[in-house]
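Below is the file coords25.cif, which contains mmCIF, C-alpha atoms and all ligand atoms.
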```cif
data_start
loop_
_atom_site.label_atom_id
_atom_site.label_comp_id
_atom_site.auth_asym_id
_atom_site.auth_seq_id
_atom_site.Cartn_x
_atom_site.Cartn_y
_atom_site.Cartn_z
CA MET A 1296 -6.04 119.79 -7.61
CA LEU A 1297 -4.05 123.00 -7.68
CA ARG A 1298 -4.87 125.78 -10.12
CA ASN A 1299 -2.95 125.48 -13.43
CA GLU A 1300 -1.98 121.91 -12.58
CA LEU A 1301 -1.93 119.55 -15.58
CA THR A 1302 -4.73 117.03 -15.48
CA LYS A 1303 -4.52 113.35 -16.41
CA ALA A 1304 -6.93 114.03 -19.28
CA ASP A 1305 -4.66 116.78 -20.71
CA ILE A 1306 -1.74 114.39 -20.74
CA VAL A 1307 -3.48 111.34 -22.19
CA ALA A 1308 -5.08 113.49 -24.92
CA ARG A 1309 -1.63 114.32 -26.32
CA TYR A 1310 -1.09 110.68 -27.24
CA LEU A 1311 -4.45 109.96 -28.86
CA PRO A 1312 -5.53 110.22 -32.49
CA LYS A 1313 -8.35 112.71 -33.22
CA LYS A 1314 -10.73 109.92 -34.05
CA LEU A 1315 -10.55 106.69 -32.09
CA ILE A 1316 -11.24 103.46 -33.91
CA ALA A 1317 -12.13 100.47 -31.75
CA VAL A 1318 -11.67 96.76 -32.43
CA ASP A 1319 -14.46 94.28 -31.58
CA GLN A 1320 -12.98 93.40 -28.22
CA ALA A 1321 -9.66 93.41 -26.40
CA GLU A 1322 -8.20 91.62 -23.44
CA ALA A 1323 -5.03 91.79 -21.42
CA PHE A 1324 -3.39 90.25 -18.37
CA ALA A 1325 -1.05 92.06 -15.99
CA PRO A 1326 0.69 90.53 -12.98
CA SER A 1327 0.56 91.94 -9.53
CA ASN A 1328 3.94 93.04 -8.18
CA ILE A 1329 5.61 93.20 -4.79
CA ALA A 1330 7.91 96.12 -4.07
CA LEU A 1331 11.32 95.29 -2.58
CA CYS A 1332 11.95 99.03 -2.24
CA LYS A 1333 8.54 100.61 -1.61
CA TYR A 1334 6.66 103.53 -3.13
CA TRP A 1335 5.19 105.40 -0.17
CA GLY A 1336 4.17 109.04 -0.56
CA LYS A 1337 3.35 111.32 -3.49
CA ARG A 1338 4.88 114.62 -4.45
CA GLN A 1339 1.82 115.28 -6.64
CA ASN A 1340 -1.59 113.67 -6.15
CA GLU A 1341 -3.38 114.22 -9.49
CA LEU A 1342 -0.76 112.30 -11.50
CA ASN A 1343 0.40 109.92 -8.73
CA LEU A 1344 3.95 111.27 -8.91
CA PRO A 1345 6.03 109.60 -6.19
CA VAL A 1346 8.40 111.04 -3.60
CA ASN A 1347 10.87 108.22 -4.28
CA SER A 1348 11.84 105.66 -6.92
CA SER A 1349 10.90 102.03 -6.22
CA LEU A 1350 11.75 98.50 -7.36
CA SER A 1351 9.59 95.40 -7.50
CA VAL A 1352 9.32 91.81 -8.58
CA SER A 1353 6.28 90.68 -10.57
CA LEU A 1354 4.05 87.86 -9.42
CA ALA A 1355 3.96 85.82 -12.65
CA HIS A 1356 0.45 84.35 -13.10
CA LEU A 1357 -1.11 86.20 -10.14
CA GLY A 1358 -2.84 89.39 -11.21
CA SER A 1359 -5.72 90.81 -13.23
CA HIS A 1360 -7.28 89.74 -16.47
CA THR A 1361 -9.37 92.43 -18.13
CA GLN A 1362 -11.61 92.28 -21.16
CA ILE A 1363 -13.20 95.25 -22.92
CA ARG A 1364 -16.16 94.96 -25.26
CA PRO A 1365 -18.83 97.34 -26.52
CA ALA A 1366 -21.92 97.82 -24.34
CA THR A 1367 -24.80 97.26 -26.74
CA SER A 1368 -27.19 98.67 -24.12
CA GLY A 1369 -25.45 102.04 -24.51
CA GLU A 1370 -24.60 102.10 -20.77
CA ASP A 1371 -21.13 101.43 -19.37
CA GLN A 1372 -20.86 98.32 -17.25
CA VAL A 1373 -18.11 97.19 -14.89
CA ILE A 1374 -17.88 93.52 -13.89
CA LEU A 1375 -15.50 92.36 -11.15
CA ASN A 1376 -14.96 88.61 -10.73
CA GLY A 1377 -18.24 87.91 -12.54
CA GLN A 1378 -20.31 90.35 -10.49
CA VAL A 1379 -21.90 93.36 -12.18
CA LEU A 1380 -21.17 96.50 -10.14
CA THR A 1381 -23.45 99.50 -10.11
CA ALA A 1382 -21.88 102.64 -11.56
CA ASP A 1383 -21.83 104.40 -8.19
CA THR A 1384 -19.57 101.85 -6.42
CA PRO A 1385 -16.12 103.38 -5.92
CA PHE A 1386 -14.56 100.48 -7.88
CA ALA A 1387 -16.74 101.05 -10.96
CA ALA A 1388 -16.46 104.84 -10.69
CA LYS A 1389 -12.64 104.65 -10.72
CA VAL A 1390 -12.61 102.31 -13.71
CA ILE A 1391 -15.04 104.50 -15.66
CA SER A 1392 -13.16 107.72 -14.96
CA PHE A 1393 -9.95 106.02 -16.15
CA VAL A 1394 -11.67 104.84 -19.34
CA ASN A 1395 -12.95 108.41 -19.85
CA LEU A 1396 -9.36 109.65 -20.09
CA PHE A 1397 -9.04 107.62 -23.26
CA ARG A 1398 -12.38 107.98 -24.96
CA GLY A 1399 -12.86 111.65 -24.04
CA GLN A 1400 -16.05 112.98 -25.58
CA GLN A 1401 -16.35 110.14 -28.08
CA ASN A 1402 -19.29 107.83 -27.71
CA TYR A 1403 -17.96 104.38 -26.87
CA PRO A 1404 -20.10 102.74 -24.17
CA LEU A 1405 -18.07 99.81 -22.84
CA ILE A 1406 -18.21 96.70 -20.74
CA VAL A 1407 -15.07 96.33 -18.63
CA ASP A 1408 -15.01 92.76 -17.40
CA THR A 1409 -12.13 92.12 -14.99
CA ARG A 1410 -11.01 89.20 -12.83
CA ASN A 1411 -8.44 89.22 -10.06
CA ASN A 1412 -6.89 85.92 -9.02
CA ILE A 1413 -5.55 87.67 -5.91
CA PRO A 1414 -7.76 89.24 -3.21
CA THR A 1415 -8.96 92.76 -4.11
CA ALA A 1416 -7.81 95.68 -1.91
CA ALA A 1417 -6.11 93.48 0.70
CA GLY A 1418 -2.51 94.61 0.36
CA LEU A 1419 -1.72 92.19 -2.45
CA ALA A 1420 -1.39 94.94 -5.06
CA SER A 1421 -4.67 94.47 -6.94
CA SER A 1422 -4.56 98.16 -7.88
CA ALA A 1423 -1.23 97.50 -9.61
CA SER A 1424 -2.37 94.57 -11.76
CA GLY A 1425 -5.86 96.07 -12.17
CA PHE A 1426 -4.83 99.40 -13.66
CA ALA A 1427 -1.98 97.88 -15.69
CA ALA A 1428 -4.35 95.32 -17.26
CA LEU A 1429 -6.93 98.04 -17.94
CA THR A 1430 -4.32 100.27 -19.60
CA LEU A 1431 -3.04 97.42 -21.79
CA ALA A 1432 -6.60 96.45 -22.76
CA LEU A 1433 -7.51 100.07 -23.66
CA ASN A 1434 -4.32 100.35 -25.72
CA GLN A 1435 -5.48 97.37 -27.75
CA TYR A 1436 -9.16 98.26 -27.86
CA PHE A 1437 -8.49 101.67 -29.38
CA GLN A 1438 -5.49 100.40 -31.43
CA LEU A 1439 -3.16 102.99 -29.90
CA ALA A 1440 0.10 101.01 -30.19
CA LEU A 1441 1.67 103.17 -27.47
CA PRO A 1442 5.27 102.53 -26.39
CA ASP A 1443 5.81 100.56 -23.16
CA THR A 1444 7.05 103.56 -21.23
CA VAL A 1445 3.95 105.60 -22.11
CA LEU A 1446 1.71 102.69 -21.10
CA SER A 1447 3.58 102.52 -17.80
CA ALA A 1448 3.12 106.27 -17.21
CA PHE A 1449 -0.61 106.00 -18.03
CA ALA A 1450 -1.04 102.99 -15.71
CA ARG A 1451 0.70 105.07 -13.01
CA MET A 1452 -2.07 107.67 -13.29
CA GLY A 1453 -4.56 104.93 -12.33
CA SER A 1454 -2.45 103.66 -9.41
CA GLY A 1455 1.23 104.37 -8.79
CA SER A 1456 2.25 100.75 -8.33
CA ALA A 1457 0.53 99.88 -11.66
CA SER A 1458 3.40 101.58 -13.51
CA ARG A 1459 5.52 98.54 -12.55
CA SER A 1460 2.91 95.92 -13.51
CA VAL A 1461 3.22 96.68 -17.21
CA PHE A 1462 6.45 94.62 -17.13
CA THR A 1463 7.54 91.27 -15.68
CA GLY A 1464 10.49 90.19 -13.54
CA PHE A 1465 12.46 92.83 -11.62
CA VAL A 1466 11.10 96.27 -12.46
CA GLU A 1467 12.23 99.74 -11.44
CA TRP A 1468 9.99 102.82 -11.38
CA ARG A 1469 12.09 105.97 -11.59
CA MET A 1470 10.41 108.88 -9.89
CA GLY A 1471 11.25 111.34 -12.70
CA GLN A 1472 11.19 115.12 -12.42
CA GLN A 1473 9.08 116.49 -15.28
CA GLU A 1474 5.94 118.40 -14.43
CA ASP A 1475 3.78 116.27 -16.72
CA GLY A 1476 5.22 113.10 -15.15
CA MET A 1477 5.99 111.45 -18.46
CA ASP A 1478 9.48 110.57 -17.21
CA SER A 1479 7.94 108.90 -14.15
CA HIS A 1480 7.53 105.39 -15.50
CA ALA A 1481 8.88 101.92 -14.96
CA PHE A 1482 11.24 99.77 -16.99
CA PRO A 1483 12.24 96.11 -16.72
CA LEU A 1484 15.69 95.24 -15.34
CA ASP A 1485 17.77 92.84 -17.35
CA VAL A 1486 18.32 90.37 -14.51
CA SER A 1487 16.79 86.94 -14.12
CA TRP A 1488 16.80 84.93 -10.87
CA PRO A 1489 15.18 81.59 -11.75
CA ASP A 1490 15.71 80.29 -8.18
CA LEU A 1491 13.85 83.15 -6.49
CA ARG A 1492 10.54 82.28 -4.87
CA VAL A 1493 7.92 84.59 -3.37
CA GLY A 1494 5.58 83.01 -0.82
CA LEU A 1495 2.29 84.66 0.11
CA VAL A 1496 1.29 84.25 3.75
CA LYS A 1497 -2.40 85.13 3.69
CA VAL A 1498 -3.35 86.44 7.09
CA SER A 1499 -6.56 88.02 5.81
CA SER A 1500 -8.20 88.59 2.42
CA ALA A 1501 -10.61 91.18 3.81
CA GLN A 1502 -10.65 94.64 2.25
CA LYS A 1503 -8.39 96.97 4.24
CA ALA A 1504 -9.99 99.76 6.26
CA VAL A 1505 -7.63 102.47 4.96
CA ASP A 1506 -6.62 102.07 1.31
CA SER A 1507 -3.06 102.74 0.14
CA ARG A 1508 -3.96 106.12 -1.29
CA ALA A 1509 -5.44 107.45 1.94
CA GLY A 1510 -2.76 105.72 4.03
CA MET A 1511 0.16 107.34 2.24
CA LYS A 1512 -1.52 110.74 2.31
CA ARG A 1513 -2.04 110.49 6.07
CA THR A 1514 1.59 109.40 6.55
CA VAL A 1515 3.01 112.28 4.49
CA GLU A 1516 0.80 114.79 6.30
CA THR A 1517 1.10 113.60 9.92
CA SER A 1518 4.03 111.25 10.47
CA GLY A 1519 7.10 112.83 12.07
CA LEU A 1520 9.16 109.87 10.87
CA TYR A 1521 8.26 110.42 7.21
CA GLN A 1522 11.05 112.96 6.73
CA SER A 1523 13.63 110.18 6.99
CA TRP A 1524 11.87 108.03 4.36
CA PRO A 1525 13.12 109.49 1.02
CA ALA A 1526 16.80 109.09 1.95
CA GLN A 1527 16.19 105.59 3.33
CA ALA A 1528 14.41 104.56 0.12
CA ALA A 1529 17.20 106.00 -2.05
CA ARG A 1530 19.84 104.04 -0.09
CA ASP A 1531 17.82 100.82 -0.20
CA LEU A 1532 17.28 101.15 -3.95
CA GLU A 1533 21.05 101.46 -4.48
CA THR A 1534 21.76 98.44 -2.25
CA ILE A 1535 19.18 96.32 -4.06
CA HIS A 1536 20.67 97.32 -7.41
CA GLN A 1537 24.07 96.20 -6.19
CA ALA A 1538 22.61 92.94 -4.84
CA LEU A 1539 21.14 92.25 -8.29
CA ILE A 1540 24.51 92.89 -9.92
CA ASP A 1541 26.34 90.73 -7.36
CA ASP A 1542 23.74 87.97 -7.45
CA ASP A 1543 23.51 88.39 -3.67
CA PHE A 1544 20.21 87.02 -2.40
CA SER A 1545 20.93 87.73 1.29
CA GLN A 1546 21.63 91.38 0.58
CA LEU A 1547 18.46 91.69 -1.49
CA GLY A 1548 16.29 89.96 1.12
CA ALA A 1549 17.69 91.82 4.11
CA THR A 1550 17.35 95.19 2.38
CA ALA A 1551 13.78 94.46 1.26
CA GLU A 1552 12.79 93.48 4.80
CA HIS A 1553 14.46 96.52 6.32
CA ASN A 1554 12.80 98.78 3.74
CA ALA A 1555 9.34 97.34 4.51
CA MET A 1556 9.82 97.75 8.27
CA SER A 1557 11.02 101.33 7.78
CA MET A 1558 7.91 102.12 5.72
CA HIS A 1559 5.68 100.58 8.40
CA ALA A 1560 7.47 102.64 11.05
CA THR A 1561 6.47 105.82 9.18
CA MET A 1562 2.87 104.55 9.03
CA ILE A 1563 2.69 103.73 12.74
CA ALA A 1564 3.93 107.23 13.61
CA SER A 1565 0.99 108.79 11.71
CA TRP A 1566 -2.00 110.29 13.44
CA PRO A 1567 -4.46 108.63 13.77
CA PRO A 1568 -1.99 105.72 13.76
CA LEU A 1569 -1.92 103.40 10.78
CA LEU A 1570 -1.21 99.81 11.69
CA TYR A 1571 -1.88 97.34 8.89
CA TRP A 1572 -0.61 94.39 10.98
CA GLN A 1573 -2.70 91.81 12.77
CA ALA A 1574 -1.55 89.52 15.57
CA GLU A 1575 -0.99 86.75 12.98
CA SER A 1576 1.23 89.09 10.94
CA VAL A 1577 3.52 89.59 13.92
CA ALA A 1578 3.52 85.86 14.67
CA ALA A 1579 4.57 85.19 11.06
CA MET A 1580 7.38 87.79 11.28
CA GLN A 1581 8.66 86.08 14.42
CA ARG A 1582 8.59 82.72 12.69
CA VAL A 1583 10.68 84.16 9.84
CA TRP A 1584 13.22 85.56 12.33
CA ALA A 1585 13.41 82.22 14.18
CA LEU A 1586 13.99 80.38 10.89
CA ARG A 1587 16.78 82.81 10.01
CA GLU A 1588 18.37 82.22 13.42
CA ALA A 1589 18.27 78.52 12.58
CA GLY A 1590 20.14 79.18 9.31
CA VAL A 1591 17.26 79.26 6.78
CA GLU A 1592 17.62 82.11 4.31
CA VAL A 1593 14.15 83.62 4.35
CA TYR A 1594 13.09 87.26 4.47
CA PHE A 1595 9.73 89.00 4.36
CA THR A 1596 8.19 92.15 3.03
CA MET A 1597 4.74 93.65 3.72
CA ASP A 1598 2.57 96.28 2.06
CA ALA A 1599 -0.50 98.20 3.17
CA GLY A 1600 -2.24 95.12 4.51
CA PRO A 1601 -1.76 92.29 7.06
CA ASN A 1602 -0.31 89.71 4.62
CA LEU A 1603 3.39 88.81 4.48
CA LYS A 1604 5.34 88.02 1.34
CA LEU A 1605 8.30 85.73 1.95
CA LEU A 1606 11.44 85.81 -0.18
CA PHE A 1607 13.45 82.60 -0.36
CA LYS A 1608 15.23 80.24 -2.75
CA ALA A 1609 13.71 77.24 -4.56
CA LYS A 1610 15.77 74.78 -2.50
CA ASP A 1611 13.96 75.88 0.69
CA GLN A 1612 10.43 75.69 -0.71
CA LEU A 1613 9.45 72.38 0.94
CA LEU A 1614 10.69 73.48 4.33
CA LEU A 1615 8.80 76.77 4.12
CA GLU A 1616 5.62 75.05 2.96
CA THR A 1617 5.84 72.94 6.11
CA GLU A 1618 6.41 75.97 8.34
CA PHE A 1619 3.62 78.01 6.66
CA PRO A 1620 0.96 75.43 5.67
CA ASP A 1621 -1.15 77.72 3.44
CA LEU A 1622 1.81 79.34 1.68
CA GLU A 1623 1.09 80.22 -1.97
CA VAL A 1624 4.40 80.06 -3.81
CA VAL A 1625 5.19 82.03 -6.96
CA ALA A 1626 8.22 81.61 -9.24
CA PRO A 1627 8.61 85.09 -10.78
CA PHE A 1628 11.15 83.91 -13.35
CA ALA A 1629 9.46 80.70 -14.50
CA GLU A 1630 9.77 80.23 -18.28
CA ASP A 1631 6.17 81.19 -19.05
CA SER A 1632 6.21 84.48 -17.15
CA LYS A 1633 9.08 86.21 -18.93
CA THR A 1634 7.23 87.96 -21.72
CA ASN A 1635 7.07 91.69 -21.89
CA LEU A 1636 3.35 92.30 -21.48
CA ALA A 1637 3.25 95.72 -23.04
CA SER A 1638 4.91 94.65 -26.30
CA GLU A 1639 2.90 91.46 -26.31
CA SER A 1640 -0.34 93.39 -26.14
CA VAL A 1641 0.71 95.73 -28.96
CA ASN A 1642 1.50 92.80 -31.22
CA ALA A 1643 -1.54 90.73 -30.29
P1 LIG A 1701 -4.31 96.77 -3.11
O1 LIG A 1701 -3.46 96.47 -1.93
O2 LIG A 1701 -5.13 95.57 -3.50
O3 LIG A 1701 -3.54 97.35 -4.27
P2 LIG A 1701 -5.46 99.41 -3.01
O4 LIG A 1701 -6.20 100.09 -1.92
O5 LIG A 1701 -4.17 99.99 -3.42
O6 LIG A 1701 -5.32 97.87 -2.61
O7 LIG A 1701 -6.32 99.38 -4.32
C1 LIG A 1701 -7.56 98.74 -4.43
C2 LIG A 1701 -8.27 99.38 -5.57
O8 LIG A 1701 -7.66 99.02 -6.82
C3 LIG A 1701 -9.70 98.93 -5.75
O9 LIG A 1701 -10.57 99.58 -4.87
C4 LIG A 1701 -9.94 99.32 -7.20
O10 LIG A 1701 -10.19 100.71 -7.30
C5 LIG A 1701 -8.59 99.03 -7.86
N1 LIG A 1701 -8.62 97.72 -8.52
C6 LIG A 1701 -8.40 96.50 -7.98
N2 LIG A 1701 -8.54 95.51 -8.90
C7 LIG A 1701 -8.84 96.12 -10.06
C8 LIG A 1701 -9.11 95.64 -11.39
N3 LIG A 1701 -9.05 94.34 -11.70
N4 LIG A 1701 -9.40 96.56 -12.35
C9 LIG A 1701 -9.44 97.88 -12.06
N5 LIG A 1701 -9.20 98.39 -10.82
C10 LIG A 1701 -8.90 97.52 -9.84
C1 LIG A 1702 2.69 99.80 0.07
O1 LIG A 1702 -0.01 102.08 -5.85
O2 LIG A 1702 -1.76 101.18 -4.27
O3 LIG A 1702 2.09 98.68 -1.94
O4 LIG A 1702 -0.87 105.21 -6.22
O5 LIG A 1702 -2.54 105.74 -4.48
O6 LIG A 1702 -3.02 103.90 -6.10
P1 LIG A 1702 -1.95 104.66 -5.33
O7 LIG A 1702 -1.28 103.63 -4.31
P2 LIG A 1702 -0.70 102.17 -4.55
O8 LIG A 1702 0.39 102.11 -3.37
C2 LIG A 1702 1.21 100.99 -3.18
C3 LIG A 1702 1.93 101.09 -1.89
C4 LIG A 1702 2.69 99.86 -1.47
C5 LIG A 1702 4.15 99.94 -1.90
C6 LIG A 1702 4.46 99.64 -3.34
O9 LIG A 1702 3.74 98.90 -4.01
O10 LIG A 1702 5.48 100.19 -3.82
CO CO A 1703 -2.52 99.23 -4.37
#
```

Written as structure tokens, that's how I'd like the structure from this file.
Amino acid sequence: MLRNELTKADIVARYLPKKLIAVDQAEAFAPSNIALCKYWGKRQNELNLPVNSSLSVSLAHLGSHTQIRPATSGEDQVILNGQVLTADTPFAAKVISFVNLFRGQQNYPLIVDTRNNIPTAAGLASSASGFAALTLALNQYFQLALPDTVLSAFARMGSGSASRSVFTGFVEWRMGQQEDGMDSHAFPLDVSWPDLRVGLVKVSSAQKAVDSRAGMKRTVETSGLYQSWPAQAARDLETIHQALIDDDFSQLGATAEHNAMSMHATMIASWPPLLYWQAESVAAMQRVWALREAGVEVYFTMDAGPNLKLLFKAKDQLLLETEFPDLEVVAPFAEDSKTNLASESVNA
């Protein structure tokens, strides 16, 4: 951190009452999200302030479910998928330091019990759903009733992509320009595409060797191609906006795929090189291109991991399930996934 730089704790403290009052327990769900125009690179590390704005689609029922309750033992405890983690694991340490932003010096030993129904740290955006669910649960636990945009900015301080997981459907995270980052938050776009499907091609669920945080730092610091990224991302964001207005699936899919490949190009040109792909990832890309040649409207996007996410329309689902036998298909705009999670958690 630079001298005189605002800390996360300074910022969160402004929004808290002097004395926190906790409820008996709180729980929240947040969906994972897949960026169609990616966040890659920070202009400020402490607050996770991005170099560029980004846009995503939420993954409906896939994400994190987090419960907070008091720790009667007096010791904090973090549980991931039913397994108690010791306080010195990086996962538990990150959760506890995020909780500390909220409880400050006040004595509230907690159990944070979280479940991911997507693989953790495998490029399927568990940091997005994880920190969004934790933020929403803390908001309830301490009865903060914070506005959605503040919750999004707080989630961003846990993990940048989490700013978008506070909402459902298509979500845009504007990079903002304020020093305290409070204008760097997401908001939901008023567009619904009931026919859109996202298919997860799981190449590997193993934890990635270089996490997103370290990967983007290395890219910004060493990749000669990174200088072209901010302008590319700005153009792609505009094109995707227009595609949403025009109801133009092909434009949205093609731009998302091009944006993902451009981001990966910046990664590959880092030193040491960053290649999140495996042989099976490339084989899956080639299958997508062959299907497109044959007239099937399918596109892919990829994050910091070997798994592909396919974008296609409901009418092609059967065909794609045949081509990719283990495809997990999500309908982001299904009736039951339209609620605004932040407001829901305030009212709960
Ligand atoms: P991913 O591609 O899954 O987002 P990242 O490297 O960005 O991978 O982030 C993984 C990190 O996100 C984990 O090491 C952990 O710190 C955090 N994380 C994942 N799931 C949760 C959760 N349910 N609650 C809190 N933090 C989580
Ligand atoms: C490739 O949000 O995981 O998935 O802010 O350091 O926690 P931190 O990184 P993270 O980065 C996500 C990168 C990405 C693209 C995206 O989701 O926009
Ligand atoms: Co992540």

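Excluding Gly1471 of chain A and any residue on its chain fewer than 4 positions from it, the residues at most 12 Å away by all atoms listed in the file are A:Arg1338, A:Gln1339, A:Asn1343, A:Leu1344, A:Pro1345, A:Val1346, A:Asn1347, A:Ser1348, A:Ser1349, A:Ala1448, A:Glu1467, A:Asp1475, A:Gly1476, A:Met1477, A:Asp1478, A:Ser1479, A:His1480, A:Ala1481.
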
How would the residues just picked look written out with C-alpha atoms as a compact mmCIF listing (two decimals), in the frame of the given file?
```txt
# COMPACT_ATOMS: atom_id res chain seq x y z
CA ARG A 1338 4.88 114.62 -4.45
CA GLN A 1339 1.82 115.28 -6.64
CA ASN A 1343 0.40 109.92 -8.73
CA LEU A 1344 3.95 111.27 -8.91
CA PRO A 1345 6.03 109.60 -6.19
CA VAL A 1346 8.40 111.04 -3.60
CA ASN A 1347 10.87 108.22 -4.28
CA SER A 1348 11.84 105.66 -6.92
CA SER A 1349 10.90 102.03 -6.22
CA ALA A 1448 3.12 106.27 -17.21
CA GLU A 1467 12.23 99.74 -11.44
CA ASP A 1475 3.78 116.27 -16.72
CA GLY A 1476 5.22 113.10 -15.15
CA MET A 1477 5.99 111.45 -18.46
CA ASP A 1478 9.48 110.57 -17.21
CA SER A 1479 7.94 108.90 -14.15
CA HIS A 1480 7.53 105.39 -15.50
CA ALA A 1481 8.88 101.92 -14.96
```

May I have a table of the residues of segment 1430-1528 of chain A lying at most 12 Å from segment 1578-1592 of chain A, giving each one's closest pair of atoms and their distance in Å to one decimal, counting only C-alpha atoms, ordered by chain and ascending residue number, as a tab-separated table?
```
residue	atom	partner	partner_atom	distance
A:Leu1491	CA	A:Glu1592	CA	11.5
A:Arg1492	CA	A:Glu1592	CA	11.6
A:Gly1494	CA	A:Val1583	CA	11.9
A:Leu1495	CA	A:Ala1579	CA	11.2
A:Val1496	CA	A:Ala1579	CA	8.1
A:Lys1497	CA	A:Ala1579	CA	10.1
A:Val1498	CA	A:Ala1579	CA	8.9
```

Selection above as a file: C-alpha atoms, as an mmCIF file, in the frame of the given file:
```cif
data_model
loop_
_atom_site.group_PDB
_atom_site.id
_atom_site.type_symbol
_atom_site.label_atom_id
_atom_site.label_comp_id
_atom_site.auth_asym_id
_atom_site.auth_seq_id
_atom_site.Cartn_x
_atom_site.Cartn_y
_atom_site.Cartn_z
ATOM 1 C CA LEU A 1491 13.850 83.150 -6.490
ATOM 2 C CA ARG A 1492 10.540 82.280 -4.870
ATOM 3 C CA GLY A 1494 5.580 83.010 -0.820
ATOM 4 C CA LEU A 1495 2.290 84.660 0.110
ATOM 5 C CA VAL A 1496 1.290 84.250 3.750
ATOM 6 C CA LYS A 1497 -2.400 85.130 3.690
ATOM 7 C CA VAL A 1498 -3.350 86.440 7.090
#
```

9 Å from ligand CO 1703 (chain A) is the threshold here; counting all atoms listed in the file, which polymer residues fall inside it? Answer as a list in words.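 What falls inside 9 Å of ligand CO 1703 (chain A) is Ala1416, Ala1417, Gly1418, Leu1419, Ala1420, Ser1421, Ser1422, Ala1423, Ser1424, Ser1454, Gly1455, Ser1456, Ala1457, Asp1506, Ser1507, Arg1508, Asp1598 and Ala1599 of chain A.
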
So, with only C-alpha atoms and all ligand atoms as the atoms that count, which of A:Ile1413, A:Ala1574, A:Ala1555, A:Val1493 lies closest to ligand LIG 1701 (chain A)?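 Among the listed residues, the smallest separation from ligand LIG 1701 (chain A) belongs to A:Ile1413.
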
As an exercise, work out the distance from atom CA of Leu1569 of chain A to atom CA of Trp1524 of chain A in Å and give it to one decimal place. 15.9 Å

Can you work out which one of A:Ser1353, A:Ala1504, A:Glu1322, A:Asp1531 has the shortest atom-to-atom distance to Ala1432 of chain A, counting all atoms listed in the file?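 Of A:Ser1353, A:Ala1504, A:Glu1322, A:Asp1531, the one nearest Ala1432 of chain A is A:Glu1322, counting all atoms listed in the file.
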
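For Lys1608 of chain A, the set of protein, DNA and RNA residues having any atom at most 12 Å away, when counting all atoms listed in the file and skipping those fewer than 6 positions along the same chain, is A:Trp1488, A:Pro1489, A:Asp1490, A:Leu1491, A:Arg1492, A:Val1493, A:Gly1494, A:Asp1543, A:Phe1544, A:Ser1545, A:Leu1547, A:Gly1548, A:Val1591, A:Glu1592, A:Val1593, A:Tyr1594, A:Leu1614, A:Leu1615, A:Val1624, A:Val1625, A:Ala1626, A:Pro1627, A:Phe1628.
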
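Straight-line separation from atom CA of Thr1384 of chain A to atom CA of Ser1359 of chain A: 19.0 Å.
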
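Atom CA of Ile1306 of chain A is positioned 24.5 Å from atom C5 of ligand LIG 1702 (chain A).
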